[in-house]
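Text of input_33.cif, listed as mmCIF, C-alpha atoms and all ligand atoms:
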data_final
loop_
_atom_site.label_atom_id
_atom_site.label_comp_id
_atom_site.auth_asym_id
_atom_site.auth_seq_id
_atom_site.Cartn_x
_atom_site.Cartn_y
_atom_site.Cartn_z
CA LEU A 157 -103.64 48.63 -138.24
CA SER A 158 -102.49 51.23 -140.78
CA ILE A 159 -105.70 53.19 -140.09
CA LEU A 160 -104.97 53.03 -136.41
CA ILE A 161 -101.44 54.34 -136.93
CA ALA A 162 -102.66 57.10 -139.25
CA ASN A 163 -105.05 58.23 -136.57
CA LEU A 164 -102.47 58.48 -133.88
CA VAL A 165 -101.08 61.89 -133.13
CA PHE A 166 -97.62 62.67 -131.78
CA THR A 167 -98.77 63.07 -128.22
CA ALA A 168 -101.75 60.83 -128.03
CA ALA A 169 -104.89 61.41 -126.05
CA VAL A 170 -106.34 58.78 -123.74
CA ASP A 171 -109.12 56.74 -125.30
CA THR A 172 -112.30 57.97 -123.67
CA GLU A 173 -113.91 54.51 -123.72
CA TYR A 174 -111.21 53.37 -121.42
CA CYS A 175 -111.48 53.62 -117.66
CA ASP A 176 -109.64 56.85 -116.94
CA ILE A 177 -107.73 56.89 -113.66
CA ASN A 178 -109.60 59.95 -112.47
CA SER A 179 -113.00 58.79 -113.61
CA LYS A 180 -115.64 57.62 -111.15
CA THR A 181 -117.09 55.32 -113.84
CA CYS A 182 -114.25 52.94 -113.11
CA ASP A 183 -116.01 51.95 -109.92
CA ASN A 184 -118.59 50.11 -112.02
CA HIS A 185 -115.99 47.74 -113.33
CA ILE A 186 -116.87 44.15 -112.47
CA GLU A 187 -114.15 42.12 -110.84
CA ASN A 188 -113.91 38.40 -111.40
CA ASP A 189 -111.16 35.97 -112.20
CA ASN A 190 -111.93 35.69 -115.95
CA ASP A 191 -111.68 39.43 -116.18
CA LYS A 192 -108.02 39.44 -115.14
CA LYS A 193 -105.77 41.51 -117.29
CA LEU A 194 -102.04 41.03 -117.38
CA ILE A 195 -99.18 43.42 -117.96
CA PHE A 196 -95.87 41.83 -118.93
CA TYR A 197 -92.59 43.64 -119.31
CA ASP A 198 -88.98 42.92 -120.06
CA VAL A 199 -85.73 44.86 -119.84
CA ASN A 200 -82.89 45.55 -122.28
CA PRO A 201 -80.88 42.27 -122.22
CA PRO A 202 -77.47 43.70 -121.13
CA GLU A 203 -78.91 45.35 -118.01
CA GLY A 204 -77.91 43.77 -114.72
CA PHE A 205 -79.79 42.41 -111.74
CA ASN A 206 -79.97 45.58 -109.68
CA LEU A 207 -81.16 47.95 -112.40
CA ARG A 208 -83.86 45.36 -113.14
CA ARG A 209 -84.95 45.60 -109.52
CA ASP A 210 -85.45 49.34 -110.02
CA VAL A 211 -87.44 48.78 -113.24
CA TYR A 212 -89.68 46.39 -111.29
CA MET A 213 -90.41 49.18 -108.81
CA ARG A 214 -91.49 51.55 -111.59
CA PHE A 215 -94.03 49.00 -112.87
CA ALA A 216 -95.10 47.88 -109.39
CA ILE A 217 -95.84 51.49 -108.40
CA MET A 218 -97.74 52.04 -111.67
CA LEU A 219 -99.95 49.02 -110.92
CA ALA A 220 -100.34 49.72 -107.21
CA GLU A 221 -101.42 53.32 -107.85
CA ALA A 222 -103.89 52.23 -110.53
CA GLN A 223 -105.32 49.61 -108.21
CA LYS A 224 -105.92 52.25 -105.53
CA ARG A 225 -107.85 54.47 -107.91
CA ARG A 226 -109.97 52.04 -109.85
CA LYS A 227 -111.36 48.56 -109.60
CA ASP A 228 -109.77 47.36 -112.79
CA ASN A 229 -107.90 44.19 -112.01
CA TRP A 230 -104.64 44.48 -113.91
CA GLU A 231 -101.85 42.28 -112.63
CA LEU A 232 -98.14 42.64 -113.20
CA VAL A 233 -96.40 39.49 -114.41
CA LEU A 234 -92.94 39.17 -112.86
CA PRO A 235 -90.45 38.60 -115.70
CA PRO A 236 -88.30 35.54 -114.91
CA TRP A 237 -84.58 36.09 -114.41
CA TYR A 238 -83.22 34.75 -117.68
CA ASN A 239 -79.87 34.92 -119.46
CA LEU A 240 -78.44 37.74 -117.36
CA PHE A 241 -75.14 38.90 -118.80
CA HIS A 242 -73.18 38.74 -115.52
CA TRP A 243 -74.54 35.43 -114.30
CA LYS A 244 -72.50 32.36 -115.17
CA THR A 245 -74.45 29.63 -113.40
CA ASP A 246 -77.55 28.22 -115.11
CA ARG A 247 -77.88 31.35 -117.19
CA ARG A 248 -80.42 29.88 -119.59
CA VAL A 249 -82.79 28.49 -117.00
CA PRO A 250 -85.55 31.05 -116.29
CA LYS A 251 -85.67 31.67 -112.57
CA PRO A 252 -88.83 32.80 -110.79
CA TRP A 253 -88.81 35.82 -108.47
CA GLY A 254 -89.66 33.56 -105.53
CA GLN A 255 -86.12 32.21 -105.67
CA PHE A 256 -84.83 35.61 -104.60
CA PHE A 257 -87.72 37.55 -103.09
CA ASP A 258 -90.62 37.07 -100.70
CA ILE A 259 -93.56 36.97 -103.10
CA GLU A 260 -96.19 37.51 -100.41
CA SER A 261 -94.40 40.68 -99.40
CA LEU A 262 -94.27 41.90 -103.02
CA LYS A 263 -98.00 41.17 -103.25
CA SER A 264 -98.65 43.25 -100.16
CA PHE A 265 -97.65 46.31 -102.20
CA ALA A 266 -98.71 45.56 -105.78
CA PRO A 267 -100.82 43.00 -107.68
CA VAL A 268 -98.04 40.77 -108.99
CA VAL A 269 -98.01 37.23 -110.29
CA GLU A 270 -95.24 34.85 -111.32
CA LEU A 271 -95.14 33.83 -115.00
CA HIS A 272 -95.14 30.14 -114.09
CA GLU A 273 -98.42 30.63 -112.21
CA ILE A 274 -99.99 32.08 -115.36
CA LEU A 275 -98.56 29.35 -117.59
CA SER A 276 -99.74 26.58 -115.30
CA LYS A 277 -103.32 27.81 -115.77
CA THR A 278 -103.17 27.80 -119.58
CA LYS A 279 -103.87 24.94 -121.96
CA ASN A 280 -100.62 23.05 -122.75
CA GLU A 281 -98.85 25.82 -120.88
CA ALA A 282 -99.08 27.96 -124.05
CA LEU A 283 -99.72 31.67 -123.86
CA GLU A 284 -100.58 34.16 -126.59
CA LEU A 285 -100.10 37.82 -125.77
CA ASP A 286 -102.39 40.33 -127.47
CA ILE A 287 -99.76 42.94 -128.13
CA LEU A 288 -96.12 43.68 -127.54
CA PHE A 289 -95.14 47.33 -127.44
CA VAL A 290 -91.42 47.65 -128.17
CA LEU A 291 -90.43 50.92 -126.52
CA LYS A 292 -87.68 53.02 -128.05
CA ASN A 293 -86.04 56.26 -126.96
CA TYR A 294 -86.48 59.48 -128.87
CA GLU A 295 -83.22 60.49 -130.57
CA ASP A 296 -83.30 63.85 -128.81
CA ALA A 297 -84.90 63.87 -125.35
CA PHE A 298 -84.89 67.69 -125.38
CA GLU A 299 -86.50 68.47 -128.72
CA ASN A 300 -86.85 72.26 -129.06
CA GLY A 301 -84.97 72.59 -125.76
CA VAL A 302 -87.68 71.05 -123.54
CA PHE A 303 -88.21 67.61 -122.06
CA GLU A 304 -91.78 66.69 -122.88
CA GLU A 305 -93.63 63.51 -121.93
CA LYS A 306 -94.82 61.98 -125.18
CA TRP A 307 -95.09 58.88 -127.29
CA LYS A 308 -95.50 58.05 -130.95
CA VAL A 309 -96.36 54.78 -132.61
CA ILE A 310 -93.75 54.12 -135.28
CA GLY A 311 -95.51 51.08 -136.70
CA ASP A 312 -95.22 47.32 -136.96
CA CYS A 313 -91.80 46.07 -136.14
CA ASN A 314 -89.86 42.90 -135.70
CA HIS A 315 -88.90 41.85 -132.27
CA ASN A 316 -87.10 38.62 -131.71
CA SER A 317 -87.94 38.32 -128.06
CA LYS A 318 -87.26 34.90 -126.67
CA PHE A 319 -89.85 35.51 -123.94
CA TRP A 320 -87.44 34.38 -121.24
CA GLY A 321 -86.62 31.19 -123.12
CA TYR A 322 -90.23 29.99 -123.31
CA LYS A 323 -90.99 28.71 -126.82
CA ASN A 324 -94.70 28.39 -125.99
CA ILE A 325 -95.23 32.15 -125.51
CA THR A 326 -96.25 33.99 -128.67
CA VAL A 327 -97.69 37.38 -129.54
CA LYS A 328 -100.40 38.44 -132.02
CA GLU A 329 -99.19 41.95 -132.76
CA VAL A 330 -95.94 43.86 -132.30
CA LEU A 331 -95.83 47.67 -132.36
CA CYS A 332 -92.76 49.87 -132.07
CA VAL A 333 -93.34 53.03 -130.05
CA LYS A 334 -91.07 55.96 -129.28
CA PHE A 335 -91.64 56.78 -125.64
CA GLN A 336 -90.51 59.40 -123.22
CA GLY A 337 -92.09 59.94 -119.84
CA LYS A 338 -93.21 58.29 -116.65
CA ASN A 339 -94.49 54.74 -116.28
CA SER A 340 -98.07 55.87 -115.69
CA LYS A 341 -98.08 57.28 -119.22
CA LEU A 342 -98.04 53.68 -120.44
CA TRP A 343 -101.76 53.55 -119.54
CA GLU A 344 -102.30 55.66 -122.64
CA LEU A 345 -100.82 52.91 -124.80
CA ILE A 346 -102.84 50.30 -122.95
CA ALA A 347 -105.96 52.37 -123.60
CA LEU A 348 -105.51 52.05 -127.36
CA HIS A 349 -106.92 48.54 -127.17
CA PRO A 350 -109.52 48.37 -124.41
CA GLN A 351 -110.36 44.78 -125.34
CA TYR A 352 -106.82 43.46 -124.93
CA LYS A 353 -106.05 41.52 -121.77
CA LYS A 354 -102.41 40.53 -122.21
CA ILE A 355 -100.15 43.44 -122.95
CA MET A 356 -96.37 43.44 -122.89
CA PHE A 357 -93.73 46.15 -122.96
CA ALA A 358 -90.21 45.41 -124.15
CA HIS A 359 -87.48 47.83 -122.96
CA GLY A 360 -89.29 48.44 -119.69
CA GLU A 361 -86.26 50.44 -118.55
CA ILE A 362 -87.24 53.38 -120.80
CA PRO A 363 -90.21 54.77 -118.80
CA LEU A 364 -89.20 56.77 -115.72
CA HIS A 365 -90.24 56.53 -112.08
CA ASP A 366 -93.53 58.23 -111.26
CA SER A 367 -92.49 58.87 -107.70
CA TYR A 368 -88.76 58.46 -107.17
CA GLY A 369 -87.75 58.97 -103.54
CA THR A 370 -91.32 59.50 -102.25
CA LYS A 371 -93.10 57.56 -99.48
CA THR A 372 -94.72 55.39 -102.17
CA TYR A 373 -91.27 54.63 -103.59
CA TRP A 374 -90.02 53.55 -100.17
CA ASP A 375 -93.17 51.54 -99.40
CA CYS A 376 -92.56 49.62 -102.60
CA ARG A 377 -88.86 49.26 -101.81
CA LYS A 378 -89.64 47.96 -98.31
CA SER A 379 -91.93 45.32 -99.80
CA MET A 380 -88.99 43.89 -101.76
CA LYS A 381 -88.01 41.57 -98.93
CA PHE A 382 -85.60 38.82 -99.78
CA ASN A 383 -86.39 35.12 -99.79
CA GLU A 384 -86.27 34.04 -96.15
CA LYS A 385 -83.80 31.23 -96.85
CA LEU A 386 -81.27 33.70 -98.27
CA VAL A 387 -81.73 35.93 -95.22
CA ASN A 388 -81.08 32.94 -92.95
CA ILE A 389 -77.90 31.99 -94.81
CA ALA A 390 -76.62 35.58 -94.56
CA GLU A 391 -77.50 35.87 -90.86
CA GLN A 392 -75.84 32.58 -90.07
CA TYR A 393 -72.66 33.79 -91.81
CA ILE A 394 -72.74 37.09 -89.91
CA SER A 395 -73.21 35.32 -86.61
CA GLN A 396 -70.44 32.80 -87.24
CA HIS A 397 -67.77 34.91 -88.96
CA LEU A 398 -68.58 38.49 -88.06
CA LYS A 399 -69.72 37.81 -84.50
CA CYS A 400 -72.99 39.67 -84.60
CA LYS A 401 -76.49 38.44 -83.83
CA THR A 402 -78.38 41.73 -83.99
CA GLU A 403 -80.16 43.39 -86.90
CA ARG A 404 -77.59 46.20 -87.03
CA CYS A 405 -74.01 45.18 -86.28
CA ASP A 406 -71.13 47.09 -84.75
CA THR A 407 -68.50 44.40 -85.34
CA TYR A 408 -67.52 44.93 -88.96
CA LEU A 409 -67.06 47.30 -91.86
CA SER A 410 -68.45 46.27 -95.25
CA VAL A 411 -67.27 47.20 -98.73
CA HIS A 412 -68.87 46.59 -102.10
CA TRP A 413 -65.82 46.33 -104.32
CA ARG A 414 -67.09 46.22 -107.92
CA ARG A 415 -64.38 45.03 -110.32
CA GLN A 416 -64.67 43.20 -113.68
CA ASP A 417 -66.25 45.56 -116.26
CA PHE A 418 -65.90 48.53 -113.84
CA ALA A 419 -62.16 47.92 -113.32
CA ARG A 420 -61.67 47.50 -117.08
CA SER A 421 -63.58 50.49 -118.36
CA ARG A 422 -64.07 52.91 -115.46
CA GLY A 423 -60.51 53.66 -114.39
CA ASN A 424 -61.46 57.27 -113.63
CA ASP A 425 -64.08 56.19 -111.10
CA VAL A 426 -62.66 53.12 -109.34
CA PRO A 427 -59.38 52.67 -107.44
CA SER A 428 -56.53 50.20 -107.97
CA ILE A 429 -56.17 47.28 -105.54
CA SER A 430 -53.58 49.11 -103.42
CA GLY A 431 -55.67 52.29 -103.61
CA THR A 432 -58.69 50.32 -102.33
CA ALA A 433 -56.68 48.91 -99.40
CA LYS A 434 -55.40 52.37 -98.50
CA GLN A 435 -58.91 53.86 -98.42
CA ILE A 436 -60.28 51.00 -96.32
CA ARG A 437 -57.40 51.42 -93.85
CA ASN A 438 -58.12 55.15 -93.60
CA VAL A 439 -61.77 54.48 -92.73
CA LEU A 440 -60.79 51.81 -90.20
CA LYS A 441 -58.52 54.29 -88.43
CA MET A 442 -61.69 56.22 -87.59
CA LEU A 443 -63.43 53.06 -86.31
CA PRO A 444 -60.92 51.83 -83.69
CA THR A 445 -63.06 48.97 -82.35
CA ILE A 446 -63.49 47.33 -85.76
CA LYS A 447 -60.95 44.84 -87.09
CA LYS A 448 -63.15 42.80 -89.44
CA VAL A 449 -63.80 43.85 -93.03
CA PHE A 450 -66.42 42.12 -95.13
CA ILE A 451 -65.81 42.39 -98.87
CA ALA A 452 -68.66 41.81 -101.34
CA THR A 453 -67.15 41.62 -104.77
CA ASP A 454 -67.12 40.24 -108.28
CA ALA A 455 -63.30 40.37 -108.23
CA SER A 456 -61.15 37.33 -109.01
CA MET A 457 -59.61 35.37 -106.15
CA VAL A 458 -56.19 36.73 -107.20
CA GLU A 459 -57.41 40.31 -106.75
CA LEU A 460 -59.15 39.45 -103.50
CA ASN A 461 -56.03 37.80 -102.09
CA LYS A 462 -53.95 40.88 -102.96
CA LEU A 463 -56.45 43.10 -101.14
CA GLY A 464 -56.53 40.75 -98.15
CA LYS A 465 -52.74 40.81 -97.91
CA ALA A 466 -52.58 44.59 -98.07
CA LEU A 467 -55.03 44.82 -95.16
CA SER A 468 -53.73 41.98 -92.99
CA ASN A 469 -50.32 43.72 -92.93
CA ARG A 470 -52.01 46.23 -90.61
CA GLY A 471 -53.82 43.70 -88.40
CA TYR A 472 -57.18 43.74 -90.21
CA LYS A 473 -58.87 40.59 -91.42
CA ILE A 474 -60.97 40.44 -94.56
CA HIS A 475 -63.97 38.15 -94.83
CA PHE A 476 -65.91 37.17 -97.90
CA PHE A 477 -68.78 34.80 -98.51
CA LEU A 478 -67.71 31.59 -100.23
CA PRO A 479 -70.87 29.69 -101.21
CA SER A 480 -71.09 25.92 -100.92
CA GLU A 481 -71.91 23.83 -103.99
CA SER A 482 -75.44 23.34 -102.72
CA ILE A 483 -76.01 27.10 -102.33
CA ILE A 484 -74.67 27.66 -105.85
CA ASP A 485 -76.97 24.93 -107.19
CA GLU A 486 -80.03 26.15 -105.37
CA TYR A 487 -79.72 29.93 -105.66
CA GLY A 488 -77.11 30.61 -108.38
CA ASP A 489 -75.32 33.93 -108.88
CA GLY A 490 -78.43 35.97 -108.05
CA GLY A 491 -78.82 34.34 -104.65
CA ILE A 492 -75.14 34.78 -103.84
CA ALA A 493 -75.31 38.44 -104.85
CA ILE A 494 -78.26 38.90 -102.46
CA ILE A 495 -76.43 37.16 -99.60
CA ASP A 496 -73.49 39.55 -100.16
CA GLN A 497 -75.90 42.50 -100.18
CA ILE A 498 -77.58 41.44 -96.93
CA ILE A 499 -74.23 41.05 -95.17
CA CYS A 500 -73.11 44.50 -96.39
CA SER A 501 -76.40 46.07 -95.34
CA LYS A 502 -76.01 45.12 -91.66
CA ALA A 503 -72.44 46.39 -91.16
CA ALA A 504 -71.53 49.25 -88.83
CA HIS A 505 -70.19 51.22 -91.81
CA PHE A 506 -70.49 50.70 -95.56
CA ILE A 507 -68.34 51.81 -98.49
CA GLY A 508 -69.76 51.29 -101.98
CA THR A 509 -68.61 51.57 -105.58
CA HIS A 510 -69.45 54.76 -107.46
CA ASP A 511 -72.37 54.41 -109.89
CA SER A 512 -73.05 50.76 -109.13
CA THR A 513 -76.71 49.81 -108.78
CA PHE A 514 -75.52 46.89 -106.65
CA SER A 515 -74.19 49.43 -104.12
CA TYR A 516 -77.35 51.58 -104.41
CA ARG A 517 -79.55 48.67 -103.39
CA ILE A 518 -77.35 48.08 -100.31
CA GLN A 519 -77.67 51.76 -99.39
CA GLU A 520 -81.46 51.49 -99.60
CA GLU A 521 -81.45 48.40 -97.43
CA ARG A 522 -79.42 50.28 -94.80
CA GLU A 523 -81.86 53.20 -94.91
CA ILE A 524 -84.67 50.72 -94.22
CA LEU A 525 -82.66 49.24 -91.32
CA GLY A 526 -82.31 52.72 -89.83
CA PHE A 527 -78.56 53.33 -90.01
CA ASP A 528 -77.26 56.88 -89.77
CA SER A 529 -76.82 58.03 -93.37
CA SER A 530 -73.19 59.02 -92.68
CA THR A 531 -72.39 55.30 -92.29
CA THR A 532 -74.04 54.44 -95.61
CA PHE A 533 -73.41 56.99 -98.35
CA ASN A 534 -69.69 56.43 -98.74
CA ARG A 535 -67.77 55.38 -101.81
CA LEU A 536 -64.39 54.20 -102.99
CA CYS A 537 -62.60 57.02 -104.79
CA PRO A 538 -60.27 56.77 -107.79
CA ASP A 539 -56.53 56.82 -106.94
CA THR A 540 -56.24 60.33 -108.36
CA GLY A 541 -58.57 63.12 -109.43
CA ARG A 542 -61.94 64.31 -108.26
CA CYS A 543 -64.14 62.26 -105.97
CA GLU A 544 -67.66 63.53 -105.44
CA ARG A 545 -69.56 62.29 -102.41
CA PRO A 546 -72.49 60.02 -103.28
CA SER A 547 -75.97 61.57 -103.28
CA LYS A 548 -77.92 60.76 -100.13
CA TRP A 549 -81.23 59.14 -101.08
CA THR A 550 -82.67 58.93 -97.59
CA ILE A 551 -85.79 57.05 -96.60
CA VAL A 552 -89.25 58.67 -96.41
CA ASN A 553 -91.49 56.87 -93.94
O1 LIG A 601 -76.24 44.15 -110.14
P1 LIG A 601 -75.41 44.79 -111.14
O2 LIG A 601 -76.01 44.91 -112.45
O3 LIG A 601 -74.87 46.15 -110.66
O4 LIG A 601 -74.09 43.93 -111.21
P2 LIG A 601 -73.93 47.26 -111.35
C1 LIG A 601 -73.94 42.95 -112.15
C2 LIG A 601 -73.73 41.59 -111.52
O5 LIG A 601 -72.38 41.46 -111.08
C3 LIG A 601 -74.58 41.22 -110.32
C4 LIG A 601 -72.32 40.57 -109.99
O6 LIG A 601 -75.84 40.74 -110.67
C5 LIG A 601 -73.76 40.12 -109.69
O7 LIG A 601 -73.98 38.90 -110.34
N1 LIG A 601 -71.77 41.29 -108.84
C6 LIG A 601 -71.36 42.57 -108.78
C7 LIG A 601 -71.57 40.74 -107.63
N2 LIG A 601 -70.89 42.85 -107.56
C8 LIG A 601 -71.01 41.73 -106.82
C9 LIG A 601 -70.72 41.39 -105.46
O8 LIG A 601 -70.24 42.18 -104.67
N3 LIG A 601 -71.03 40.13 -105.07
C10 LIG A 601 -71.58 39.21 -105.90
N4 LIG A 601 -71.87 38.00 -105.42
N5 LIG A 601 -71.85 39.50 -107.19
C11 LIG A 601 -74.10 47.42 -113.98
C12 LIG A 601 -74.22 46.37 -115.06
O9 LIG A 601 -73.59 46.79 -112.81
O10 LIG A 601 -73.28 48.43 -114.40
C13 LIG A 601 -74.62 46.96 -116.37
O11 LIG A 601 -75.21 45.45 -114.74
C14 LIG A 601 -73.66 48.05 -116.76
O12 LIG A 601 -74.58 45.95 -117.35
C15 LIG A 601 -73.61 49.05 -115.62
O13 LIG A 601 -72.38 47.49 -117.01
C16 LIG A 601 -72.64 50.14 -115.90
O14 LIG A 601 -74.70 48.51 -111.45
O15 LIG A 601 -72.70 47.27 -110.53
#
Kindly return the structure encoded in the file as structure tokens.
Amino acid sequence: LSILIANLVFTAAVDTEYCDINSKTCDNHIENDNDKKLIFYDVNPPEGFNLRRDVYMRFAIMLAEAQKRRKDNWELVLPPWYNLFHWKTDRRVPKPWGQFFDIESLKSFAPVVELHEILSKTKNEALELDILFVLKNYEDAFENGVFEEKWKVIGDCNHNSKFWGYKNITVKEVLCVKFQGKNSKLWELIALHPQYKKIMFAHGEIPLHDSYGTKTYWDCRKSMKFNEKLVNIAEQYISQHLKCKTERCDTYLSVHWRRQDFARSRGNDVPSISGTAKQIRNVLKMLPTIKKVFIATDASMVELNKLGKALSNRGYKIHFFLPSESIIDEYGDGGIAIIDQIICSKAAHFIGTHDSTFSYRIQEEREILGFDSSTTFNRLCPDTGRCERPSKWTIVN
């Protein structure tokens, strides 16, 4: 290993033995089931659900593009949802992606596989990965004043990954690597060990999108359909409480009102409760036929009641999704978050929270549904001070 490290240069070259993405020789690669190669990844533990969805897209696009260009059968292993900081229900039970998303739809875009599918095919459900690359940021992204795509192996390192709570997953070798660049640059690290078939990246949030905002990005995003049962629960709620049975509704306004850590530490970006009510009333004045307001939030019931009171004074009624015990048991906090997102995405008009990835994912969903962007890219402003309009990341079909 020390020889290998000594041989590595700051910006490494691709191993020529490896199937280069532009090389025709890749076409000779034989495909069969035993030949399957797996890419695993994980994300910095404190990161939330909706940033993780974006990290998935970066890897899914990397794999889908590689699949198009060569007949190498790498598959992306979907990292179970485990121990998410914001989730209080069943936090330490790893949850498969199928609980939240339509796996067949994900597979229609990229070669993905659930971890439990892999484990069920192994002896005693034990799995040994060949290598874990622990990605780290460079201290200065703009060394000598320029942002350069590069990586550098630092050496062996300790990594106490719990592998999503599975004690029967182990790894032969762990390497720490400074990395800066797009996801596709990870192929260079993969190429260091052409014989390895199970490669994992920790801190998968460090590599950047290869094609943010492009048609490929949106094709991938469109494939992230939700689990049908969650869609049905959301649609039933909309039909019953918000009186709409169509894909796009004109009966209600929706707001993603992010509180908790945002209310505690982002006072300059988010409004007070009375400030929130005032802004919602101002928008409703411009939508005279709408009297119903759906609030998706992580606020406490006390905060929500205060907001409801401030709005009902003016004849508006707030609605929020209160899950039954069985929905909580079956889908947990992630499922409830998705139900809230679906209901927000179908509203006549949406107001989000500045800098919240939860709001961003709703905006994307509305772009896919075909709403006018003026009804989507709106935000709650702080009570005082500057309030920049959100960037419009519109769909490319
Ligand atoms: O998805 P998320 O990471 O987006 O939000 P941000 C964190 C979690 O909060 C979600 C809950 O997974 C939900 O469990 N949550 C937030 C909600 N809003 C709602 C809501 O309207 N309805 C429901 N049901 N649940 C990030 C954080 O949050 O912000 C990072 O994850 C960091 O750790 C960053 O703090 C600044 O982007 O809003």
Quiz item: Taking only C-alpha atoms into account, which of A:Arg404, A:Lys381, A:Lys465, A:Arg208 comes nearest Thr531 (chain A)?
Solution: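 Checking each of A:Arg404, A:Lys381, A:Lys465, A:Arg208 against Thr531 (chain A), counting only C-alpha atoms, the winner is A:Arg404.
Every protein, DNA or RNA residue with an atom at most 12 Å from Asn383 (chain A), where all atoms listed in the file count and chain neighbours fewer than 6 positions away do not, is listed here: Pro252, Trp253, Gly254, Gln255, Phe256, Phe257, Asp258, Ile259, Glu260, Ser261, Leu262, Ile389, Ala390, Tyr487, Gly490, Gly491, Ile492, Ile494, Ile495 and Ile498 of chain A.
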Practice problem: Calculate how many Å separate CA of Val233 (chain A) from CA of Gly360 (chain A), rounding to one decimal. | Solution: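 That distance, rounded to one decimal, is 12.6 Å.
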Self-check item: Separation of CA of Asp210 (chain A) from CA of Leu232 (chain A) in Å
Solution: 14.7 Å
Self-check item: Test item: residues at most 9 Å from Lys502 (chain A), all atoms listed in the file, excluding those fewer than 2 positions along its chain, as a ChimeraX atom specification
Solution: /A:394,402-406,408,410,497-500,504-506,521-522,525,527
Practice problem: Have a look at atom C2 of ligand LIG 601 (chain A) and CA of Leu207 (chain A) and let me know their distance in Å, one decimal. | Solution: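 Distance reported for this atom pair: 9.8 Å.
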Practice problem: Enumerate residues in contact with ligand LIG 601 (chain A): an atom-to-atom distance of at most 10 Å, counting all atoms listed in the file. Format the result as a ChimeraX atom specification. | Solution: /A:200-209,240-245,411-418,421-422,451-455,476-479,488-497,500,508-517
Can you write just those residues out, C-alpha atoms, as an mmCIF file, in the coordinates of the input?
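File out37.cif, as written:
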data_model
loop_
_atom_site.group_PDB
_atom_site.id
_atom_site.type_symbol
_atom_site.label_atom_id
_atom_site.label_comp_id
_atom_site.auth_asym_id
_atom_site.auth_seq_id
_atom_site.Cartn_x
_atom_site.Cartn_y
_atom_site.Cartn_z
ATOM 1 C CA ASN A 200 -82.890 45.550 -122.280
ATOM 2 C CA PRO A 201 -80.880 42.270 -122.220
ATOM 3 C CA PRO A 202 -77.470 43.700 -121.130
ATOM 4 C CA GLU A 203 -78.910 45.350 -118.010
ATOM 5 C CA GLY A 204 -77.910 43.770 -114.720
ATOM 6 C CA PHE A 205 -79.790 42.410 -111.740
ATOM 7 C CA ASN A 206 -79.970 45.580 -109.680
ATOM 8 C CA LEU A 207 -81.160 47.950 -112.400
ATOM 9 C CA ARG A 208 -83.860 45.360 -113.140
ATOM 10 C CA ARG A 209 -84.950 45.600 -109.520
ATOM 11 C CA LEU A 240 -78.440 37.740 -117.360
ATOM 12 C CA PHE A 241 -75.140 38.900 -118.800
ATOM 13 C CA HIS A 242 -73.180 38.740 -115.520
ATOM 14 C CA TRP A 243 -74.540 35.430 -114.300
ATOM 15 C CA LYS A 244 -72.500 32.360 -115.170
ATOM 16 C CA THR A 245 -74.450 29.630 -113.400
ATOM 17 C CA VAL A 411 -67.270 47.200 -98.730
ATOM 18 C CA HIS A 412 -68.870 46.590 -102.100
ATOM 19 C CA TRP A 413 -65.820 46.330 -104.320
ATOM 20 C CA ARG A 414 -67.090 46.220 -107.920
ATOM 21 C CA ARG A 415 -64.380 45.030 -110.320
ATOM 22 C CA GLN A 416 -64.670 43.200 -113.680
ATOM 23 C CA ASP A 417 -66.250 45.560 -116.260
ATOM 24 C CA PHE A 418 -65.900 48.530 -113.840
ATOM 25 C CA SER A 421 -63.580 50.490 -118.360
ATOM 26 C CA ARG A 422 -64.070 52.910 -115.460
ATOM 27 C CA ILE A 451 -65.810 42.390 -98.870
ATOM 28 C CA ALA A 452 -68.660 41.810 -101.340
ATOM 29 C CA THR A 453 -67.150 41.620 -104.770
ATOM 30 C CA ASP A 454 -67.120 40.240 -108.280
ATOM 31 C CA ALA A 455 -63.300 40.370 -108.230
ATOM 32 C CA PHE A 476 -65.910 37.170 -97.900
ATOM 33 C CA PHE A 477 -68.780 34.800 -98.510
ATOM 34 C CA LEU A 478 -67.710 31.590 -100.230
ATOM 35 C CA PRO A 479 -70.870 29.690 -101.210
ATOM 36 C CA GLY A 488 -77.110 30.610 -108.380
ATOM 37 C CA ASP A 489 -75.320 33.930 -108.880
ATOM 38 C CA GLY A 490 -78.430 35.970 -108.050
ATOM 39 C CA GLY A 491 -78.820 34.340 -104.650
ATOM 40 C CA ILE A 492 -75.140 34.780 -103.840
ATOM 41 C CA ALA A 493 -75.310 38.440 -104.850
ATOM 42 C CA ILE A 494 -78.260 38.900 -102.460
ATOM 43 C CA ILE A 495 -76.430 37.160 -99.600
ATOM 44 C CA ASP A 496 -73.490 39.550 -100.160
ATOM 45 C CA GLN A 497 -75.900 42.500 -100.180
ATOM 46 C CA CYS A 500 -73.110 44.500 -96.390
ATOM 47 C CA GLY A 508 -69.760 51.290 -101.980
ATOM 48 C CA THR A 509 -68.610 51.570 -105.580
ATOM 49 C CA HIS A 510 -69.450 54.760 -107.460
ATOM 50 C CA ASP A 511 -72.370 54.410 -109.890
ATOM 51 C CA SER A 512 -73.050 50.760 -109.130
ATOM 52 C CA THR A 513 -76.710 49.810 -108.780
ATOM 53 C CA PHE A 514 -75.520 46.890 -106.650
ATOM 54 C CA SER A 515 -74.190 49.430 -104.120
ATOM 55 C CA TYR A 516 -77.350 51.580 -104.410
ATOM 56 C CA ARG A 517 -79.550 48.670 -103.390
#
